[in-house]
There are 2 protein chains.
Amino acid sequence: MQFTKAEEYGILGVLYLVAKGGTAVTPLSEIAEAREIPEKFLAKIFQSLARFGIVRSYRGVRGGFALTRNPAEITVMAVLEAIQGPYHLLRCIPDPDHCDNTDRCALRDLLMVVEKGLVETFESHTLADLGEWEHAKGVTVI
Amino acid sequence: MQFTKAEEYGILGVLYLVAKGGTAVTPLSEIAEAREIPEKFLAKIFQSLARFGIVRSYRGVRGGFALTRNPAEITVMAVLEAIQGPYHLLRCIPDPDHCDNTDRCALRDLLMVVEKGLVETFESHTLADLGEWEHAKGVTVI
DNA sequence: TCGTTATGCAATTCACGAAAGCAGAAGAAT
DNA sequence: ATTCTTCTGCTTTCGTGAATTGCATAACGA
């Protein structure tokens, strides 16, 4: 059970936008360089984020991406789901037909408990929260 | 972030032993067939469990594996750590030198919170607990 | 019209989870 | 002793999906 690079880069990317404050439109090249993320990979991730309305894209010179809402209104969970789709620890959780005795599986029950706690934590933290944590630690944009 | 097959098989394997009750020595072939797990893969997993003292192995005719302790004394966490080693969502959590600004990373802080909750849940459930859940649902050994 | 930036899809690389194979050791049964 | 069973400890293979790259195209501003 490990956090994926896509998830990691996605969060770091939007946090960069938060750190820049307001609604500054920022090109991927800048984010990628500042946070040392492969640019094309980041592009893919931000396209997902754009589809889910987390960020908005602007083309052309001085284009880039910007948050669509106030960071306080965007939960970490929303970002993760935009990147990875619905979040589940086992295939049989969303799809009970995946194996033949989901209704008797204690492991599935336990993981549903674990997953619930996990989702609650991700939902109870917004990008603004994380931004403040970083700010308190003196993180700079570049 | 997904539960691995090794983790899944490991838990299901020991739960099979729990369901058989007591300290019955059970060969891998039986467990593998009953729970539809690739036998050689299960062997690898149980070797780890044996090294960590979760189960004990017996060779020869009528050999196999048995739990070393009462299921109520074995937490799910113990089983998972035996299989996967120390549990971390990001490499930089156990190894702060993995990236160059772990001390300023809000994502790392958040994941440490998530991880804590996760570990607590796994530690607060024993194999006996899961065994009872299954029992209540009418799970049979074979 | 030109340069910049995102878009969308295709292709590729790569790591690791997952699984299989095999020779050998240990042990029980007879 | 011999034989059969079962674990042990490698080695190797396979497959999937993560991670990354590439390219042609579309949109947009200057």
# chains A, B, ... in the order shown; residues from 1 in each chain; ligands from 1

call {"tool": "closest_atom_pairs", "arguments": {"of": "chain A", "to": "chain B", "cutoff": "8 Å", "atoms": "only C-alpha atoms", "output": "tab-separated table"}}
result
residue	atom	partner	partner_atom	distance
A:Met1	CA	B:Gln2	CA	4.8
A:Gln2	CA	B:Leu89	CA	4.6
A:Phe3	CA	B:Met1	CA	5.1
A:Thr4	CA	B:Met1	CA	6.5
A:Glu8	CA	B:Leu107	CA	7.9
A:Ile11	CA	B:Leu107	CA	7.4
A:Leu12	CA	B:Leu107	CA	7.5
A:His88	CA	B:Gln2	CA	6.9
A:Leu89	CA	B:Gln2	CA	4.6
A:Leu90	CA	B:Phe3	CA	6.0
A:Arg104	CA	B:Lys137	CA	5.8
A:Cys105	CA	B:Glu134	CA	6.6
A:Ala106	CA	B:Leu130	CA	5.5
A:Leu107	CA	B:Leu130	CA	7.3
A:Leu110	CA	B:Leu130	CA	8.0
A:Val114	CA	B:Leu118	CA	6.2
A:Gly117	CA	B:Gly117	CA	7.1
A:Leu118	CA	B:Val114	CA	6.2
A:Thr121	CA	B:Val114	CA	6.5
A:Phe122	CA	B:Val114	CA	8.0
A:Leu130	CA	B:Ala106	CA	5.5
A:Gly131	CA	B:Ala106	CA	7.5
A:Trp133	CA	B:Ala106	CA	6.0
A:Glu134	CA	B:Ala106	CA	5.6
A:Lys137	CA	B:Arg104	CA	5.8
A:Gly138	CA	B:Arg104	CA	7.5
A:Val139	CA	B:Arg104	CA	6.4

call {"tool": "residues_around", "arguments": {"residues": "A:Val25", "least_positions_apart": "2", "cutoff": "7 Å", "atoms": "only C-alpha atoms (C1' of nucleotides)", "output": "list in words"}}
result
Thr23, Pro27, Gly63, Gly64, Phe65 and Ala66 of chain A

call {"tool": "select_by_dssp", "arguments": {"residues": "chain A", "states": "helix (DSSP H, G or I)", "output": "PyMOL selection string"}}
result
chain A and resi 5-20+28-35+39-51+71-73+76-84+96-98+102-104+106-123+127-136

call {"tool": "closest_atom_pairs", "arguments": {"of": "chain A", "to": "chain D", "cutoff": "10 Å", "atoms": "only C-alpha atoms (C1' of nucleotides)", "output": "CSV"}}
result
residue,atom,partner,partner_atom,distance
A:Thr4,CA,D:DA18,C1',8.0
A:Lys5,CA,D:DA19,C1',7.9
A:Ala6,CA,D:DA19,C1',8.5
A:Pro38,CA,D:DT20,C1',7.7
A:Glu39,CA,D:DT20,C1',9.6
A:Lys40,CA,D:DT21,C1',7.5
A:Phe41,CA,D:DT20,C1',6.6
A:Tyr58,CA,D:DC28,C1',8.1
A:Arg59,CA,D:DC28,C1',5.5
A:Gly60,CA,D:DC28,C1',4.3
A:Val61,CA,D:DG29,C1',5.4
A:Arg62,CA,D:DG29,C1',7.8
A:Gly63,CA,D:DC28,C1',8.2

call {"tool": "interface_residues", "arguments": {"of": "chain C", "to": "chain B", "cutoff": "10 Å", "atoms": "only C-alpha atoms (C1' of nucleotides)", "output": "count of residues only"}}
result
10

call {"tool": "atom_distance", "arguments": {"atom1": "atom CA of B:Lys20", "atom2": "atom CA of A:Met112"}}
result
25.0 Å

call {"tool": "atom_distance", "arguments": {"atom1": "atom C1' of C:DG8", "atom2": "atom CA of A:Leu28"}}
result
16.5 Å

call {"tool": "select_by_dssp", "arguments": {"residues": "chain A", "states": "strand (DSSP E or B)", "output": "list in words"}}
result
Thr26, Val55, Arg56, Ser57, Tyr58, Gly64, Phe65, Ala66, Leu67, Thr75 and Thr126 of chain A

call {"tool": "atom_distance", "arguments": {"atom1": "atom CA of A:Ile83", "atom2": "atom CA of A:Ala50"}}
result
10.2 Å
